[in-house]
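J.: Sending over a structure as structure tokens; questions will come in a sec.
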Amino acid sequence: MATEIRGDGDISLAGDEKHVLASEKQLGPQVELTEFEQALESELNVTEEDLVEAKAMAEALSLEQVHKMMKNVLKIHEHDANFPHRVLMKIHEFLDNEDIFEHPEKHEELIWEIKLEAALITNNSPYAEVRAVVDNKDNPETPCSTVRAWVIGGFFSIFLAFINQMFSIRQPPINIDSNVAQLLAFPLGKAWEKTMPDWRFKLFGTEHSLNPGPFNKKEHMLIAIMANTAKSLPYTQYVIWTQVLPQYFNQQYARSFGYQILIALSTNFIGYGLAGLTRRFLVYPSFCVWPASLVTIALNSALHNDKNLSVPGPFKRMFTISRFKFFLYAFGAMFVYFWFPNFIFETLTYFSWMTWISPNNHNLEVLTGFQRGLGLFNPWPTFDWNVLLYSGVDPLMVPAFSTFNTALGMFIFGFFILGIYFTNSWNTGYIPVNSNRVYDHFGKLYNVSRALDVKGMYDHEKYMNYSAAYLGAANTIVYGAFFGVYAAAVTHVALFHRYEIVMGFKSLWRILRRKKNTEAEDAAIAENEYKDVHNRLMSSYPEVSEWWYFAILIIAAAFGFAGVGGWPTYTTLGVVPYGVFLALVFVVPVGIIKAMTGIEVTLNVLAEFIGGMWVQGNALAMNFFKSFGYVTCAHAVQFANDLKIAHYLKIPPRHTFCAQLIATLISTIVCCGVIQYQINIENVCTPDAPMRFYCPGPNTFFTAAVLWGTIGPIKVFGHQGQYGMLLLGFPFGIITPVLFYFIIKKFPRTRWLRQIHPVALWYGGLNWAPYSFSYMMPSIGVAWLSWIYIKNRFLGFWSKYNFVLSAAFSAGIAIAAIIMLFTVSWFQVTIPWWGNDQPYIGCEGTPCTLKTLAKGERFYPWWNPKHVPAP
């Protein structure tokens, strides 16, 4: 008989599965709620089952306990846009009314409501989206670190690393996501459960079984975490490609496997070490929801959860279909439908119906076009769900305020693009309006080789005889928005989340000093923090010491020193601590924003901007600065996301530590081995390459390396360049959160103000070039329908199906795309007819420009029309 630990701390004995399900049903609708409590279901944004569980605990809470707890809740969640606004207002009403404590009998309803909310926060998550898919109970005896999990997890780590690396240089690339691995792992785990014998053996003093029983959700999620870790390819592969290929730097020492493995291990594991050190900021706090991870958990829950309660939904119906069946139906429907907009009828994807009126009308194309225009005024631009996934998340995953803010920011920046373009500022009228490419002063794509000497280094004379680098109107806004979002991210977190950050640093310091607290210190800590149910449940498992992660960080840095210093890279060893320092500055702000909004601010532009100034004229060195500066933070945030998933599923931290460590090691070795094979493929990365191995990624990386490393950002954004005005993004990025902070402080109870997120507004500007607003527009309606309309009216229905639908659609698209790639795309099968030709007619197919140049004619820098040489 197993022991089951509940979130409220009670321990009950759980027998077979029927007994567990019976006990769960007893917690449900059989307990009667008063009319007042039933009214609170909508007010508190909870389901009836959530309220029943909270009711039992609320009765045991005293007024003093609730008062202390709510003071801390207000400190943490006052600026939290995910936290229910009505509940926050009730907490204000409760804390601001001193008469409640003098005459509690006069305020019984308010006190009871606050007690229920306190119990809900203590016994579960304060967020309906988390309660929808994450269980607030745990059985520590559920097998997790099993032979089955490690074998299947290892297999998918090898499989995803091999496939993703092998086809990363293909155009278009083939990429298998971790949710596909989670889906495919389920039948393998069930087959193992049915066929393998219960053979037992001892390893390191612990007994293991070849078949420990039913394939469970913890094993399955451990496999998914390994797959998610292994799917990320070493970013240093781009450095290798630009070094090895003769058309690039032609540095053949980069073929050395030792060199490749050292720099790959370094960049991969440095981020892992930082992720562990940031757990108290990004993993343990309840306000760090990590919205996208809920879809992964929803898929896991749909495959393993046999519990199926009826829920009221739209059309005055009770919905009884289980999550698993709902997933299968939605998955099948999307699998079939995906073939229509992406193969049979492509107009459904690029539904630029307004441009069909006059395909060669450039102004109409700029305003409404999907592919080459800005798409600002096309109200219904697509019928393809895959379009909504352009940024890696869909509107069912992330909170509605995140989608609305991003869309609003993108729309506002769109008018700046229009102003820049139609006034021909920076000569943008000669360049396609929404291109992310770099151009010369002939309006042609920038030919970097014309500014380099025979060794691939910067040649000033050749540069002056050729051209400066020019950007399109949308691309200029993207760079300005990048500068703004970096400043806004740090400022916003410092202003709105300083209390949580201070709590995190205090917690980290207590652990690092390794000194036992006194009773008085423990009491003070408890008074200033509250632990949600998931933290309390995870306390049953031994924690991974911060020193383990710190050791990983040191070892990874040593690999970096060996790789950079052991070969003639012409790069300072300071590039390694530079990457760590940049990540230390940004990992907590970027991580908190990602955990609360689903928006990830990447450091690629900042890393190449700083690196390009530091080592101007040395593109290879800039590549290392970019790799360590960008990847360290990106990996740390990704690994922290996986740690949160393990936290939600109650996977022992040491099992997660080993899973991420092993999967990263497997992925790095496999990817480096595949690269060894790829660099020896005849004609690779040329127009004559086999299997369409044209290397779009390495080509773009090399162009960026030359522009920002060889030519350098000073010639683009500094006193020698024309885009210096874009650096105003930094001060404006600081001003925006400060402005909203004081406005919200002035009107703290205005609901819509709490929903404005300055970083998300700036992030909207990053979505331009090459994407248009047509990619963003459909998400607005979907977010409103799901997160506002359905969630507010049918919370039980939304909780049961929303994230499952997101997972099903994503999985259906992924499987269909893989099959499509290896069939009709591989053999270049097409269906020529109007439905596939229309999206590529006129300015939608071939980009038009506002102004044109005669053959041999060039344009001149806007500030000096008489200037003949570059720029």
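For the structure tokens, the naming scheme is as follows: chains receive sequential letters (A, B, ...) according to their order of presentation, residues are indexed from 1 within each chain, and ligands are indexed from 1 in presentation order.
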Taking 5 positions as the minimum chain separation for residues in the same chain, which residues sit within 9 Å of A:Ile501 when counting only C-alpha atoms? Answer as an NGL selection string.
T.: :A and (280-281 or 493-494 or 506 or 588)
J.: Using only C-alpha atoms, determine which residues lie at most 12 Å from A:Phe315, disregarding the query and same-chain residues fewer than 5 positions distant; provide the list as a list in words.
T.: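 Using only C-alpha atoms, the neighbours found are Ile790, Arg793, Phe794 and Phe797 of chain A.
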J.: Save the residues we just selected, C-alpha atoms, as a tab-separated table (two decimals), in the first residue's frame?
T.:
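Final output, saved to selection_8.tsv:
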chain	number	residue	atom	x	y	z
A	790	ILE	CA	-14.68	31.11	-22.46
A	793	ARG	CA	-17.97	31.94	-18.48
A	794	PHE	CA	-16.99	28.26	-18.53
A	797	PHE	CA	-14.54	23.63	-19.60
J.: I'd like the neighbourhood of A:Thr602 as a compact mmCIF listing (two decimals) with C-alpha atoms, in the first residue's frame, where a residue qualifies if any of its atoms comes within 12 Å (using only C-alpha atoms), though same-chain residues fewer than 3 positions away should be ignored.
T.:
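Heads up, here's the output in part_37.txt:
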# COMPACT_ATOMS: atom_id res chain seq x y z
CA PHE A 482 15.88 45.47 -29.39
CA PHE A 483 17.78 48.28 -27.68
CA VAL A 485 13.52 45.96 -24.80
CA TYR A 486 16.87 45.30 -23.12
CA ALA A 489 13.40 44.41 -19.19
CA LEU A 582 26.16 39.31 -19.44
CA ALA A 583 23.94 36.36 -18.50
CA PHE A 586 19.97 39.56 -17.70
CA VAL A 587 19.05 36.00 -16.74
CA PRO A 589 14.94 39.84 -15.63
CA VAL A 590 14.62 37.84 -18.87
CA GLY A 591 13.63 34.71 -16.94
CA ILE A 593 9.43 38.03 -17.97
CA LYS A 594 9.42 34.67 -19.78
CA ILE A 599 7.84 36.24 -23.98
CA VAL A 605 21.70 41.64 -30.82
CA LEU A 606 23.18 42.99 -27.60
CA ALA A 607 25.88 40.30 -27.56
CA GLU A 608 26.99 41.02 -31.13
CA LYS A 626 28.00 36.43 -29.62
CA SER A 627 27.93 32.70 -28.84
CA GLY A 629 26.92 36.18 -24.62
CA TYR A 630 23.69 35.01 -26.22
CA VAL A 631 23.62 31.26 -25.61
CA THR A 632 24.56 31.34 -21.93
CA CYS A 633 21.44 33.29 -20.99
CA ALA A 634 19.18 31.50 -23.51
CA HIS A 635 20.19 28.06 -22.22
CA ALA A 636 19.84 29.14 -18.60
CA VAL A 637 16.26 30.27 -19.24
CA GLN A 638 15.44 27.08 -21.18
CA TYR A 763 8.73 43.12 -27.68
CA LEU A 766 10.84 42.73 -32.48
J.: So that I can check the surroundings of A:Met457, please list as a list in words every protein, DNA and RNA residue that reaches within 10 Å of it, counting only C-alpha atoms and ignoring chain neighbours fewer than 4 positions away.
T.: Phe249, Ser449, Ala451, Leu452, Asp453, Gly617, Asn618, Ala619, Leu620, Val706, Gly709, Thr710 and Ile711 of chain A
J.: Using DSSP assignments from the backbone, pull out every residue in stretch 529-712 of chain A that falls under helix (DSSP H, G or I) and give it to me as a compact mmCIF listing (two decimals) with C-alpha atoms, in the first residue's frame.
T.:
# COMPACT_ATOMS: atom_id res chain seq x y z
CA VAL A 533 1.62 23.72 -2.34
CA HIS A 534 4.19 22.67 -4.96
CA ASN A 535 7.11 23.95 -2.88
CA ARG A 536 5.83 22.07 0.16
CA LEU A 537 5.34 18.86 -1.79
CA MET A 538 8.83 19.12 -3.31
CA GLU A 546 23.78 25.20 -5.50
CA TRP A 547 27.40 24.13 -5.25
CA TRP A 548 26.74 21.27 -7.72
CA TYR A 549 25.52 23.79 -10.28
CA PHE A 550 28.40 26.12 -9.48
CA ALA A 551 30.82 23.25 -10.11
CA ILE A 552 29.19 22.64 -13.52
CA LEU A 553 29.62 26.35 -14.30
CA ILE A 554 33.34 26.26 -13.41
CA ILE A 555 34.00 23.06 -15.42
CA ALA A 556 32.12 24.46 -18.44
CA ALA A 557 34.15 27.68 -18.24
CA ALA A 558 37.34 25.60 -18.17
CA PHE A 559 36.23 23.85 -21.37
CA GLY A 560 35.68 27.27 -22.92
CA PHE A 561 39.15 28.49 -21.93
CA ALA A 562 40.69 25.32 -23.40
CA GLY A 563 38.76 25.59 -26.68
CA VAL A 564 39.34 29.29 -27.26
CA GLY A 565 42.93 29.31 -26.03
CA GLY A 566 44.11 25.97 -27.37
CA VAL A 575 35.05 36.01 -23.89
CA VAL A 576 34.04 33.24 -21.45
CA PRO A 577 33.58 35.41 -18.32
CA TYR A 578 32.02 38.06 -20.59
CA GLY A 579 29.26 35.59 -21.48
CA VAL A 580 28.74 34.66 -17.84
CA PHE A 581 28.65 38.29 -16.72
CA LEU A 582 26.16 39.31 -19.44
CA ALA A 583 23.94 36.36 -18.50
CA LEU A 584 24.17 37.20 -14.78
CA VAL A 585 22.87 40.70 -15.52
CA PHE A 586 19.97 39.56 -17.70
CA VAL A 587 19.05 36.00 -16.74
CA VAL A 588 16.76 36.96 -13.83
CA PRO A 589 14.94 39.84 -15.63
CA VAL A 590 14.62 37.84 -18.87
CA GLY A 591 13.63 34.71 -16.94
CA ILE A 592 10.95 36.46 -14.86
CA ILE A 593 9.43 38.03 -17.97
CA LYS A 594 9.42 34.67 -19.78
CA ALA A 595 7.96 32.92 -16.72
CA MET A 596 5.10 35.42 -16.40
CA THR A 597 4.28 36.33 -20.00
CA ASN A 604 21.75 38.01 -29.65
CA VAL A 605 21.70 41.64 -30.82
CA LEU A 606 23.18 42.99 -27.60
CA ALA A 607 25.88 40.30 -27.56
CA GLU A 608 26.99 41.02 -31.13
CA PHE A 609 26.68 44.77 -30.53
CA ILE A 610 29.04 44.70 -27.53
CA GLY A 611 31.30 42.05 -29.09
CA GLY A 612 31.52 43.99 -32.36
CA MET A 613 32.68 47.11 -30.53
CA TRP A 614 35.11 45.17 -28.35
CA ALA A 619 34.61 38.67 -37.16
CA LEU A 620 35.73 35.32 -35.67
CA ALA A 621 36.25 36.84 -32.24
CA MET A 622 32.86 38.54 -32.50
CA ASN A 623 31.34 35.12 -33.20
CA PHE A 624 32.65 33.84 -29.88
CA PHE A 625 31.41 36.93 -28.06
CA LYS A 626 28.00 36.43 -29.62
CA SER A 627 27.93 32.70 -28.84
CA PHE A 628 28.90 32.98 -25.18
CA GLY A 629 26.92 36.18 -24.62
CA TYR A 630 23.69 35.01 -26.22
CA VAL A 631 23.62 31.26 -25.61
CA THR A 632 24.56 31.34 -21.93
CA CYS A 633 21.44 33.29 -20.99
CA ALA A 634 19.18 31.50 -23.51
CA HIS A 635 20.19 28.06 -22.22
CA ALA A 636 19.84 29.14 -18.60
CA VAL A 637 16.26 30.27 -19.24
CA GLN A 638 15.44 27.08 -21.18
CA PHE A 639 16.87 24.83 -18.44
CA ALA A 640 14.98 26.83 -15.79
CA ASN A 641 11.79 26.16 -17.75
CA ASP A 642 12.50 22.42 -17.61
CA LEU A 643 13.20 22.66 -13.88
CA LYS A 644 9.77 24.27 -13.42
CA ILE A 645 8.10 21.45 -15.35
CA ALA A 646 9.82 18.94 -13.04
CA HIS A 647 8.71 21.08 -10.09
CA TYR A 648 5.08 20.93 -11.26
CA LEU A 649 5.22 17.15 -11.82
CA PRO A 653 15.33 17.39 -8.23
CA ARG A 654 18.32 15.05 -8.35
CA HIS A 655 16.63 12.97 -11.06
CA THR A 656 16.02 16.15 -13.08
CA PHE A 657 19.63 17.23 -12.53
CA CYS A 658 20.93 13.92 -13.89
CA ALA A 659 18.43 13.89 -16.77
CA GLN A 660 19.42 17.35 -18.00
CA LEU A 661 23.12 16.63 -17.49
CA ILE A 662 23.04 13.34 -19.39
CA ALA A 663 20.79 14.64 -22.19
CA THR A 664 23.02 17.69 -22.70
CA LEU A 665 26.11 15.49 -22.85
CA ILE A 666 24.46 13.06 -25.29
CA SER A 667 23.21 15.89 -27.50
CA THR A 668 26.59 17.64 -27.58
CA ILE A 669 28.53 14.49 -28.51
CA VAL A 670 25.98 13.40 -31.14
CA CYS A 671 25.80 16.85 -32.72
CA CYS A 672 29.58 17.18 -32.92
CA GLY A 673 29.78 13.73 -34.49
CA VAL A 674 27.16 14.69 -37.08
CA ILE A 675 29.01 17.94 -37.83
CA GLN A 676 32.16 15.88 -38.50
CA TYR A 677 30.19 14.01 -41.16
CA GLN A 678 28.46 17.11 -42.56
CA PRO A 690 22.96 17.27 -52.16
CA MET A 691 19.66 16.89 -50.22
CA ARG A 692 19.19 20.69 -50.32
CA PRO A 696 20.70 29.06 -44.75
CA GLY A 697 21.60 29.37 -41.05
CA PRO A 698 25.41 29.42 -41.48
CA ASN A 699 25.05 31.84 -44.42
CA THR A 700 23.05 34.31 -42.31
CA PHE A 701 25.44 33.83 -39.39
CA PHE A 702 28.46 34.60 -41.59
CA THR A 703 26.82 37.72 -43.01
CA ALA A 704 26.04 38.96 -39.48
CA ALA A 705 29.60 38.10 -38.38
CA VAL A 706 31.11 40.23 -41.12
CA LEU A 707 28.70 43.14 -40.73
CA TRP A 708 28.86 43.40 -36.94
CA GLY A 709 32.31 41.88 -36.40
CA THR A 710 34.35 43.00 -39.38
CA ILE A 711 32.64 46.26 -40.38
J.: Excluding A:Gln182 and its own-chain neighbours fewer than 3 positions away, which residues fall within 9 Å of it when counting only C-alpha atoms? Please give them as a list in words.
T.: Asp177, Ser178, Asn179, Ala185, Phe186, His220, Met221, Ile223, Ala224, Ile225, Ala227, Thr296, Leu299 and Asn300 of chain A
J.: Limited to N, CA, C and O atoms, could you put the picked residues into a file as a compact mmCIF listing (two decimals), in the first residue's frame?
T.:
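Once everything was written out, this is again.txt:
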# COMPACT_ATOMS: atom_id res chain seq x y z
N ASP A 177 10.24 18.56 -32.39
CA ASP A 177 10.07 19.20 -31.10
C ASP A 177 9.93 18.15 -29.99
O ASP A 177 9.64 16.98 -30.25
N SER A 178 10.10 18.60 -28.74
CA SER A 178 10.04 17.68 -27.60
C SER A 178 8.64 17.13 -27.39
O SER A 178 8.47 16.01 -26.89
N ASN A 179 7.58 17.90 -27.75
CA ASN A 179 6.23 17.39 -27.60
C ASN A 179 5.96 16.22 -28.55
O ASN A 179 5.17 15.32 -28.24
N ALA A 185 6.89 8.75 -27.26
CA ALA A 185 7.40 7.96 -26.14
C ALA A 185 6.28 7.20 -25.43
O ALA A 185 6.54 6.17 -24.79
N PHE A 186 5.06 7.70 -25.53
CA PHE A 186 3.95 7.06 -24.80
C PHE A 186 3.72 5.62 -25.24
O PHE A 186 3.69 4.71 -24.40
N HIS A 220 7.35 9.54 -17.80
CA HIS A 220 7.09 10.12 -19.12
C HIS A 220 7.63 11.54 -19.20
O HIS A 220 8.24 11.94 -20.20
N MET A 221 7.42 12.33 -18.13
CA MET A 221 7.90 13.70 -18.16
C MET A 221 9.42 13.77 -18.06
O MET A 221 10.04 14.67 -18.64
N ILE A 223 11.38 11.69 -19.49
CA ILE A 223 11.77 11.46 -20.88
C ILE A 223 11.60 12.74 -21.70
O ILE A 223 12.47 13.12 -22.50
N ALA A 224 10.48 13.44 -21.48
CA ALA A 224 10.21 14.67 -22.22
C ALA A 224 11.25 15.75 -21.89
O ALA A 224 11.66 16.51 -22.78
N ILE A 225 11.66 15.82 -20.63
CA ILE A 225 12.67 16.80 -20.23
C ILE A 225 14.00 16.50 -20.92
O ILE A 225 14.71 17.39 -21.40
N ALA A 227 14.34 14.94 -23.76
CA ALA A 227 14.17 15.27 -25.18
C ALA A 227 14.22 16.78 -25.41
O ALA A 227 14.83 17.25 -26.38
N THR A 296 2.93 21.42 -22.34
CA THR A 296 3.65 20.15 -22.21
C THR A 296 3.03 19.29 -21.12
O THR A 296 2.85 18.07 -21.29
N LEU A 299 -0.39 17.83 -22.21
CA LEU A 299 -0.24 16.64 -23.04
C LEU A 299 0.04 15.42 -22.17
O LEU A 299 -0.55 14.35 -22.36
N ASN A 300 0.92 15.58 -21.20
CA ASN A 300 1.23 14.50 -20.27
C ASN A 300 -0.01 14.07 -19.50
O ASN A 300 -0.29 12.87 -19.35
J.: For A:Ser256, which of A:Ile412, A:Leu850, A:Leu160, A:Ile679 is the closest residue, counting only C-alpha atoms?
T.: A:Ile679
J.: Excluding A:Ile477 and residues on its chain fewer than 2 positions from it, collect all residues at most 10 Å away from it, counting only C-alpha atoms, and give them as a ChimeraX atom specification.
T.: /A:413-414,416-417,420,471-475,479-483,726,729,765-769
J.: Have a look at A:Gln65, A:Asn360, A:Ser352, A:Asn424 and name the one nearest to A:Gln838; count only C-alpha atoms.
T.: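 Of all the options, A:Ser352 lies closest to A:Gln838.
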J.: Using DSSP assignments from the backbone, pull out every residue in stretch 381-506 of chain A that falls under strand (DSSP E or B) and give it to me as a ChimeraX atom specification.
T.: /A:438-439,445,452,458,470-471
J.: For A:Asn305, work out the shell of residues within 12 Å, counting only C-alpha atoms and skipping chain neighbours fewer than 4 positions away, then give it as number ranges by chain.
T.: A: 17, 21, 133-135, 215-217, 297-301, 309, 322-325, 800
J.: Of the candidates A:Asn680, A:Trp339, A:Phe411, A:Ile76, which shows the shortest atom-to-atom distance to A:Gly504, using only C-alpha atoms?
T.: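 Using only C-alpha atoms, the shortest distance to A:Gly504 belongs to A:Ile76.
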J.: With distances taken over only C-alpha atoms, which residue among A:Thr122, A:Gln260, A:Thr278, A:Asn228 lies nearest A:Trp241?
T.: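 The closest residue to A:Trp241 is A:Gln260.
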